[in-house]
file structure10.cif (mmCIF, C-alpha atoms)
data_upload
#
loop_
_atom_site.label_atom_id
_atom_site.label_comp_id
_atom_site.auth_asym_id
_atom_site.auth_seq_id
_atom_site.Cartn_x
_atom_site.Cartn_y
_atom_site.Cartn_z
CA MET A 1 74.35 36.97 77.65
CA ARG A 2 71.21 38.64 78.98
CA LEU A 3 68.64 41.15 77.88
CA THR A 4 69.13 44.77 78.88
CA ASN A 5 65.42 45.55 79.16
CA ASP A 6 62.30 43.51 79.84
CA PHE A 7 59.61 45.97 78.71
CA VAL A 8 59.40 47.64 75.30
CA ARG A 9 56.77 49.80 73.60
CA VAL A 10 56.94 50.61 69.87
CA LYS A 11 54.90 52.63 67.38
CA VAL A 12 55.07 52.04 63.63
CA PRO A 13 53.26 54.05 60.93
CA ALA A 14 51.06 52.82 58.14
CA THR A 15 52.62 53.17 54.72
CA SER A 16 51.58 53.48 51.11
CA ALA A 17 53.78 52.07 48.38
CA ASN A 18 54.07 52.35 44.59
CA LEU A 19 52.32 55.77 44.53
CA GLY A 20 51.31 55.15 40.95
CA PRO A 21 54.40 54.63 38.77
CA GLY A 22 56.93 53.79 41.51
CA PHE A 23 56.27 50.05 41.58
CA ASP A 24 58.15 48.29 44.40
CA HIS A 25 60.36 51.29 45.17
CA ALA A 26 58.41 54.45 46.11
CA GLY A 27 56.69 54.77 49.48
CA LEU A 28 55.55 57.16 52.17
CA ALA A 29 54.52 57.06 55.82
CA LEU A 30 50.95 57.85 56.82
CA GLY A 31 49.80 59.32 60.12
CA ILE A 32 48.16 56.10 61.37
CA PHE A 33 50.15 54.06 63.88
CA ASP A 34 50.12 50.54 65.24
CA GLU A 35 51.31 50.33 68.87
CA VAL A 36 52.79 47.21 70.42
CA GLU A 37 53.85 46.57 74.00
CA LEU A 38 55.94 43.59 75.01
CA ARG A 39 57.27 42.15 78.24
CA ALA A 40 59.92 39.42 78.34
CA VAL A 41 58.83 36.61 80.69
CA VAL A 42 59.71 33.11 81.73
CA GLY A 43 57.20 30.77 80.17
CA GLU A 44 55.02 30.58 77.10
CA THR A 45 54.30 33.38 74.66
CA PHE A 46 50.93 35.10 74.84
CA VAL A 47 49.60 37.65 72.33
CA GLN A 48 46.58 39.90 72.68
CA VAL A 49 45.43 41.66 69.53
CA MET A 50 43.18 44.71 69.70
CA GLY A 51 41.68 46.45 66.68
CA HIS A 52 42.30 45.17 63.17
CA GLY A 53 42.99 41.45 63.03
CA ALA A 54 41.58 40.72 66.49
CA GLY A 55 40.34 37.15 66.54
CA LYS A 56 41.87 36.48 63.12
CA VAL A 57 45.67 36.73 63.36
CA PRO A 58 47.68 34.14 65.33
CA GLU A 59 48.04 34.78 69.06
CA GLY A 60 51.17 32.75 69.68
CA GLU A 61 54.51 31.97 68.06
CA ASP A 62 53.00 32.14 64.55
CA ASN A 63 52.16 35.82 64.96
CA LEU A 64 54.21 37.89 62.48
CA ILE A 65 55.34 40.35 65.15
CA VAL A 66 56.50 37.49 67.37
CA ARG A 67 58.31 35.82 64.47
CA SER A 68 60.04 39.12 63.74
CA VAL A 69 61.08 39.46 67.40
CA ARG A 70 62.57 35.98 67.14
CA LYS A 71 64.44 36.91 63.97
CA GLY A 72 65.82 40.03 65.63
CA LEU A 73 66.99 38.19 68.75
CA GLU A 74 68.56 35.47 66.61
CA TYR A 75 70.36 38.12 64.55
CA LEU A 76 71.73 39.63 67.76
CA ASP A 77 72.77 36.19 69.02
CA MET A 78 70.59 36.58 72.09
CA PRO A 79 68.60 33.90 73.93
CA GLN A 80 64.94 33.47 73.08
CA VAL A 81 62.48 34.21 75.89
CA GLY A 82 58.77 34.02 76.57
CA LEU A 83 56.83 37.06 75.39
CA ARG A 84 53.67 38.72 76.67
CA MET A 85 52.56 41.08 73.97
CA VAL A 86 49.64 43.40 73.27
CA ALA A 87 49.17 44.81 69.76
CA ARG A 88 46.87 47.76 69.13
CA ASN A 89 46.32 47.51 65.38
CA ARG A 90 45.04 50.69 63.78
CA ILE A 91 46.37 49.82 60.31
CA PRO A 92 43.77 47.83 58.33
CA HIS A 93 44.90 44.38 57.21
CA GLY A 94 44.87 43.38 53.55
CA ALA A 95 44.23 47.00 52.58
CA GLY A 96 47.46 48.06 50.89
CA MET A 97 48.55 50.20 53.84
CA GLY A 98 51.63 48.28 54.94
CA SER A 99 50.21 46.24 57.83
CA SER A 100 52.65 43.36 57.29
CA ALA A 101 55.62 45.73 57.03
CA ALA A 102 54.48 47.45 60.23
CA ALA A 103 54.31 44.08 61.98
CA ALA A 104 57.78 43.07 60.79
CA VAL A 105 59.30 46.41 61.78
CA ALA A 106 57.50 46.34 65.14
CA GLY A 107 58.93 42.92 65.95
CA LEU A 108 62.46 43.91 65.03
CA MET A 109 62.21 47.15 67.00
CA LEU A 110 60.94 45.18 70.00
CA ALA A 111 63.98 42.90 69.80
CA ARG A 112 66.21 45.95 69.52
CA GLY A 113 64.57 47.41 72.61
CA LEU A 114 65.03 44.26 74.65
CA VAL A 115 68.75 44.13 73.92
CA GLY A 116 69.42 47.89 73.85
CA GLU A 117 69.10 50.61 71.24
CA GLU A 118 72.82 50.47 70.38
CA SER A 119 72.60 46.76 69.59
CA MET A 120 71.01 47.24 66.18
CA SER A 121 71.03 50.29 63.92
CA LEU A 122 67.95 51.36 62.00
CA GLY A 123 69.88 50.40 58.88
CA GLU A 124 70.09 46.84 60.18
CA VAL A 125 66.40 46.90 61.04
CA PHE A 126 65.77 47.95 57.43
CA GLN A 127 67.80 45.04 56.03
CA LEU A 128 66.04 42.49 58.21
CA ALA A 129 62.59 43.94 57.52
CA THR A 130 63.27 43.83 53.79
CA GLN A 131 64.26 40.17 54.12
CA ILE A 132 60.98 39.43 55.87
CA GLU A 133 58.89 41.46 53.41
CA GLY A 134 60.79 40.54 50.23
CA HIS A 135 60.91 44.17 49.03
CA PRO A 136 61.79 47.50 50.66
CA ASP A 137 59.06 49.89 49.54
CA ASN A 138 56.92 49.63 52.70
CA ALA A 139 59.69 48.76 55.14
CA ALA A 140 61.64 51.97 54.42
CA PRO A 141 58.91 54.52 55.29
CA ALA A 142 57.72 52.35 58.19
CA ILE A 143 61.19 52.69 59.75
CA PHE A 144 62.36 56.12 58.63
CA GLY A 145 59.09 58.00 58.01
CA GLY A 146 58.63 60.64 55.32
CA VAL A 147 58.87 59.80 51.62
CA THR A 148 61.27 57.07 50.57
CA PHE A 149 62.75 55.79 47.32
CA SER A 150 64.29 52.34 47.72
CA TRP A 151 66.10 49.80 45.61
CA MET A 152 67.76 46.41 45.86
CA GLY A 153 71.39 45.57 45.20
CA LYS A 154 73.48 43.29 47.36
CA GLN A 155 71.54 44.97 50.15
CA ALA A 156 68.41 47.08 50.35
CA LYS A 157 69.04 50.81 50.10
CA THR A 158 66.82 53.85 50.46
CA VAL A 159 66.78 57.63 50.21
CA VAL A 160 64.52 59.41 52.70
CA ARG A 161 63.00 62.83 52.10
CA PRO A 162 60.84 64.89 54.49
CA PRO A 163 57.21 65.28 53.44
CA ARG A 164 56.21 68.49 51.71
CA GLU A 165 54.27 70.83 53.97
CA ASP A 166 52.03 71.82 51.06
CA LEU A 167 50.93 68.29 50.19
CA ASP A 168 48.18 66.38 52.01
CA ALA A 169 47.11 62.76 51.64
CA TRP A 170 43.80 60.93 52.04
CA VAL A 171 43.09 57.19 52.10
CA LEU A 172 39.83 55.53 51.09
CA THR A 173 39.47 51.90 52.17
CA PRO A 174 36.72 49.46 51.13
CA LYS A 175 35.25 46.74 53.32
CA PHE A 176 36.92 43.89 51.41
CA GLU A 177 40.54 42.77 51.58
CA VAL A 178 43.05 41.77 48.87
CA SER A 179 46.23 39.91 49.76
CA THR A 180 49.53 41.08 48.31
CA LYS A 181 50.06 37.57 46.93
CA GLN A 182 46.73 37.71 45.13
CA ALA A 183 47.45 41.16 43.71
CA ARG A 184 50.93 40.18 42.51
CA ALA A 185 49.55 37.09 40.79
CA ALA A 186 47.59 39.39 38.46
CA LEU A 187 50.74 41.02 37.08
CA PRO A 188 52.33 39.92 33.77
CA LYS A 189 55.85 38.53 33.71
CA GLN A 190 56.86 40.88 30.90
CA VAL A 191 55.79 44.41 29.93
CA PRO A 192 56.17 46.38 26.68
CA LEU A 193 59.21 48.63 26.44
CA GLU A 194 56.93 51.59 25.75
CA ASP A 195 55.10 51.02 29.06
CA ALA A 196 58.35 50.62 30.99
CA THR A 197 59.63 53.88 29.51
CA PHE A 198 56.36 55.59 30.35
CA ASN A 199 56.59 54.57 34.00
CA LEU A 200 60.26 55.52 34.27
CA SER A 201 59.50 59.05 33.13
CA ARG A 202 56.57 59.39 35.54
CA ALA A 203 58.45 57.86 38.47
CA SER A 204 61.35 60.27 37.93
CA LEU A 205 58.96 63.21 37.91
CA LEU A 206 57.19 61.89 41.01
CA ALA A 207 60.47 61.68 42.91
CA LEU A 208 61.23 65.30 42.06
CA ILE A 209 57.78 66.49 43.12
CA LEU A 210 57.69 64.58 46.40
CA SER A 211 61.21 65.79 47.18
CA GLY A 212 60.10 69.39 46.68
CA GLN A 213 62.19 69.86 43.53
CA ALA A 214 59.30 70.20 41.07
CA PRO A 215 55.89 71.94 41.29
CA LEU A 216 52.73 70.16 42.40
CA GLU A 217 50.99 71.19 39.17
CA HIS A 218 52.59 68.15 37.51
CA LEU A 219 51.33 65.65 40.10
CA MET A 220 48.56 64.28 37.89
CA ASP A 221 51.10 63.36 35.21
CA ALA A 222 53.56 62.10 37.82
CA THR A 223 51.05 59.58 39.26
CA GLU A 224 50.17 57.93 35.95
CA ASP A 225 50.92 54.21 35.67
CA ARG A 226 50.87 51.51 33.03
CA LEU A 227 52.53 48.60 34.85
CA HIS A 228 50.29 47.37 37.65
CA GLN A 229 47.04 49.22 38.40
CA ALA A 230 44.97 48.37 35.33
CA GLN A 231 46.40 44.84 35.41
CA ARG A 232 44.97 44.35 38.90
CA ALA A 233 41.55 45.81 38.09
CA LYS A 234 39.82 42.42 37.89
CA ALA A 235 40.93 41.62 41.46
CA MET A 236 39.50 44.91 42.77
CA PRO A 237 37.19 46.52 40.19
CA SER A 238 35.64 49.02 42.60
CA THR A 239 39.10 50.27 43.56
CA TYR A 240 40.12 50.76 39.95
CA ASP A 241 36.82 52.46 39.15
CA LEU A 242 37.23 54.85 42.07
CA VAL A 243 40.78 55.75 41.01
CA GLN A 244 39.57 56.49 37.49
CA TYR A 245 36.64 58.54 38.78
CA LEU A 246 38.81 60.62 41.12
CA ARG A 247 41.40 61.22 38.42
CA GLY A 248 38.59 62.30 36.11
CA GLU A 249 37.74 64.90 38.77
CA GLY A 250 41.32 66.20 38.62
CA LEU A 251 42.56 64.46 41.78
CA PRO A 252 45.91 62.57 41.80
CA ALA A 253 44.54 59.22 42.97
CA VAL A 254 46.41 55.92 42.90
CA VAL A 255 46.00 52.40 44.23
CA SER A 256 47.68 52.28 47.64
CA GLY A 257 50.26 49.51 47.57
CA ALA A 258 48.71 46.27 46.35
CA GLY A 259 45.25 47.67 47.13
CA PRO A 260 42.40 47.75 47.61
CA SER A 261 42.74 51.14 49.36
CA VAL A 262 43.01 54.30 47.29
CA LEU A 263 45.55 57.03 48.08
CA VAL A 264 44.67 60.58 47.05
CA PHE A 265 47.11 63.49 47.11
CA GLY A 266 45.64 66.90 47.85
CA THR A 267 42.28 67.83 49.36
CA LEU A 268 38.97 66.02 49.10
CA ASP A 269 35.75 67.99 48.82
CA PRO A 270 33.41 67.32 51.78
CA GLN A 271 30.63 66.26 49.41
CA LEU A 272 32.92 63.72 47.77
CA VAL A 273 33.88 62.40 51.22
CA ASP A 274 30.21 61.99 52.12
CA GLU A 275 29.49 60.20 48.85
CA ALA A 276 32.41 57.80 49.36
CA LYS A 277 31.27 57.00 52.88
CA ALA A 278 27.72 56.42 51.66
CA ALA A 279 29.13 53.97 49.11
CA GLY A 280 30.80 51.97 51.88
CA TRP A 281 34.32 53.39 51.85
CA THR A 282 36.14 54.37 55.03
CA VAL A 283 37.70 57.79 54.44
CA LYS A 284 40.66 59.05 56.46
CA ASN A 285 42.93 62.05 56.22
CA PRO A 286 46.17 60.84 57.87
CA GLY A 287 48.51 63.05 55.89
CA ILE A 288 52.13 62.18 55.19
CA THR A 289 54.14 61.95 58.40
CA ALA A 290 57.85 62.46 58.99
CA ALA A 291 57.62 60.07 61.96
CA GLY A 292 58.96 56.58 61.47
CA ALA A 293 59.15 53.72 63.96
CA SER A 294 59.75 54.77 67.56
CA MET A 295 60.65 52.80 70.68
CA GLU A 296 60.65 53.09 74.47
CA ALA A 297 62.35 50.46 76.63
CA SER A 298 62.88 49.94 80.36
CA ARG A 299 64.03 47.40 82.89
CA GLU A 300 61.83 45.74 85.50
CA GLY A 301 58.43 47.25 85.33
CA GLY A 302 57.91 49.70 82.52
CA GLU A 303 54.43 51.05 83.13
CA SER A 304 51.81 49.70 80.76
CA PRO A 305 48.30 51.16 80.53
CA ILE A 306 47.05 47.71 79.51
CA ALA A 307 45.90 45.59 82.42
CA GLY A 308 47.72 42.34 82.86
CA LEU A 309 50.77 43.09 80.72
#
call {"tool": "encode", "arguments": {"input": "structure10.cif", "output": "C-alpha cells"}}
result
Amino acid sequence: MRLTNDFVRVKVPATSANLGPGFDHAGLALGIFDEVELRAVVGETFVQVMGHGAGKVPEGEDNLIVRSVRKGLEYLDMPQVGLRMVARNRIPHGAGMGSSAAAAVAGLMLARGLVGEESMSLGEVFQLATQIEGHPDNAAPAIFGGVTFSWMGKQAKTVVRPPREDLDAWVLTPKFEVSTKQARAALPKQVPLEDATFNLSRASLLALILSGQAPLEHLMDATEDRLHQAQRAKAMPSTYDLVQYLRGEGLPAVVSGAGPSVLVFGTLDPQLVDEAKAAGWTVKNPGITAAGASMEASREGGESPIAGL
C-alpha cells in the first residue's frame, strides 16, 4: 500500500469549551486558526514550530501533531513515513482555547490527506480525536465548526449548530498558562444535587439560545455555573475575578475551557478593552466561526510558501 499524496496543508480553529454550565460537552469554534503543512519524505521527521509554542514544544516524534499523524496512519493501516512539518500556531497554549485539540485534529487531518479524503470520514476523525483528548467538547467544534453539543456513549457523538449571526464573541487571555490537568485537579469528585440541577437547567437554556431557539436576553442566566469555575478560582484568581467583574457589568462572561482565558458573548466597550489591555490581558474579537478543520492535499510538489518544506 502507498500514500496517495505527499503534501498536505490543514487549518484548524481555536475552540472554547464548557461555555459556563456545559461542562465537558458544550463548545464552539473561534475565528483563530492554526495552520500546518506537511510533506512525506524518506528519512527522519523534522518539525518547525512558528508562533505559540516555538522553542517549547517537541520538534520530533514526540510532537502532538506528529503523534496524531502516526495514530491516523496506523488506523488506516498505512505505512509510517518520515515527515517534514511546519506548524504556524496562532492558538495560545495552556490558555483554554483548544490548542491540544487543534493539534490532535490537525495530525489526523494530515494523515487523512496523505491517504486520500475518502479514506477517513470526519466522523472517524472525531472518534480518534476524542480518544486522544479524552473528551469531545473541543474536538467537535475543531472538526465541524459552529456550536457543538457532545456526549459520550459507546462512541463520542455530537450535534452541530451554525453560529447565530446576532451573537459575537471576545476572548481575553492573560500572560500565564494553566494546564488542563492542573485545572481538573481542582474539581471535587462529587457535587451537591442542587448544584447539578442548577447546571442542567442553565445548560439546557444555553443550548436553546446558541441554537437560535431562545432569545439572547436570557444569556446571562444561561451562562451561570456552579460546578467548575468557582472551584478553579484558586488556580487562576485573576481569571475568576475578571469573569465576576464582567458579569457585574452585565456581560455574559465565562472561563474559556479549563482557563485561564475568558470568553465573553456580545460586544465589549472600547474603554473596557483598553483597560483590560493595560492590565496585561490580550484581547481578541475572533467571533464564532462556522468553519471547522479544512484540508488541501496534492501529489509530488504541492506549493508551500515556507522555504525548505
call {"tool": "resolve_selection", "arguments": {"input": "structure10.cif", "expression": "the PyMOL selection byres ((chain A and resi 130) around 10)", "output": "list of chain:residue names"}}
result
A:Ala101, A:Ala104, A:Val105, A:Glu124, A:Val125, A:Phe126, A:Gln127, A:Leu128, A:Ala129, A:Gln131, A:Ile132, A:Glu133, A:Gly134, A:His135, A:Pro136, A:Asp137, A:Asn138, A:Ala139, A:Ala140, A:Met152, A:Gln155, A:Ala156, A:Lys157
call {"tool": "residues_near_point", "arguments": {"input": "structure10.cif", "point": "(47.7, 60.4, 46.3)", "cutoff": "8 Å", "atoms": "all atoms listed in the file", "output": "PyMOL selection string"}}
result
chain A and resi 19+169-170+223+251-254+262-266
call {"tool": "closest_residue", "arguments": {"input": "structure10.cif", "among": "A:Ala87, A:Val8, A:Leu3, A:Met236", "to": "Ala54 (chain A)", "atoms": "all atoms listed in the file"}}
result
A:Ala87
call {"tool": "closest_residue", "arguments": {"input": "structure10.cif", "among": "A:Gly72, A:Gln80, A:Ala14, A:Ala95", "to": "Gly43 (chain A)", "atoms": "all atoms listed in the file"}}
result
A:Gln80
call {"tool": "axis_aligned_box", "arguments": {"input": "structure10.cif", "around": "region 258-273 of chain A", "padding_each_side": "8 Å", "output": "JSON"}}
result
{"center_x": 39.7, "center_y": 57.1, "center_z": 49.1, "size_x": 34.1, "size_y": 37.7, "size_z": 21.4}
call {"tool": "closest_residue", "arguments": {"input": "structure10.cif", "among": "A:Glu165, A:Glu61, A:Glu37, A:Asp6", "to": "Gly212 (chain A)", "atoms": "all atoms listed in the file"}}
result
A:Glu165
call {"tool": "atom_distance", "arguments": {"input": "structure10.cif", "atom1": "CA of Leu216 (chain A)", "atom2": "CA of Pro174 (chain A)"}}
result
27.6 Å
call {"tool": "closest_residue", "arguments": {"input": "structure10.cif", "among": "A:Val115, A:Ala102, A:Val255, A:Leu208", "to": "Ala183 (chain A)", "atoms": "only C-alpha atoms"}}
result
A:Val255
call {"tool": "closest_residue", "arguments": {"input": "structure10.cif", "among": "A:Leu227, A:Leu122, A:Ala106, A:Met97", "to": "Asp195 (chain A)", "atoms": "all atoms listed in the file"}}
result
A:Leu227
call {"tool": "resolve_selection", "arguments": {"input": "structure10.cif", "expression": "the PyMOL selection byres ((chain A and resi 38) around 7)", "output": "mmCIF file with C-alpha atoms, keeping the file's coordinate frame"}}
result
data_model
loop_
_atom_site.group_PDB
_atom_site.id
_atom_site.type_symbol
_atom_site.label_atom_id
_atom_site.label_comp_id
_atom_site.auth_asym_id
_atom_site.auth_seq_id
_atom_site.Cartn_x
_atom_site.Cartn_y
_atom_site.Cartn_z
ATOM 1 C CA PHE A 7 59.610 45.970 78.710
ATOM 2 C CA VAL A 8 59.400 47.640 75.300
ATOM 3 C CA ARG A 9 56.770 49.800 73.600
ATOM 4 C CA VAL A 36 52.790 47.210 70.420
ATOM 5 C CA GLU A 37 53.850 46.570 74.000
ATOM 6 C CA ARG A 39 57.270 42.150 78.240
ATOM 7 C CA ALA A 40 59.920 39.420 78.340
ATOM 8 C CA LEU A 83 56.830 37.060 75.390
ATOM 9 C CA ARG A 84 53.670 38.720 76.670
ATOM 10 C CA MET A 85 52.560 41.080 73.970
ATOM 11 C CA VAL A 86 49.640 43.400 73.270
#
call {"tool": "residues_around", "arguments": {"input": "structure10.cif", "residues": "Gly259 (chain A)", "least_positions_apart": "6", "cutoff": "10 Å", "atoms": "all atoms listed in the file", "output": "number ranges by chain"}}
result
A: 16-17, 94-97, 173-174, 177-180, 183, 229, 232-233, 235-236, 239-240
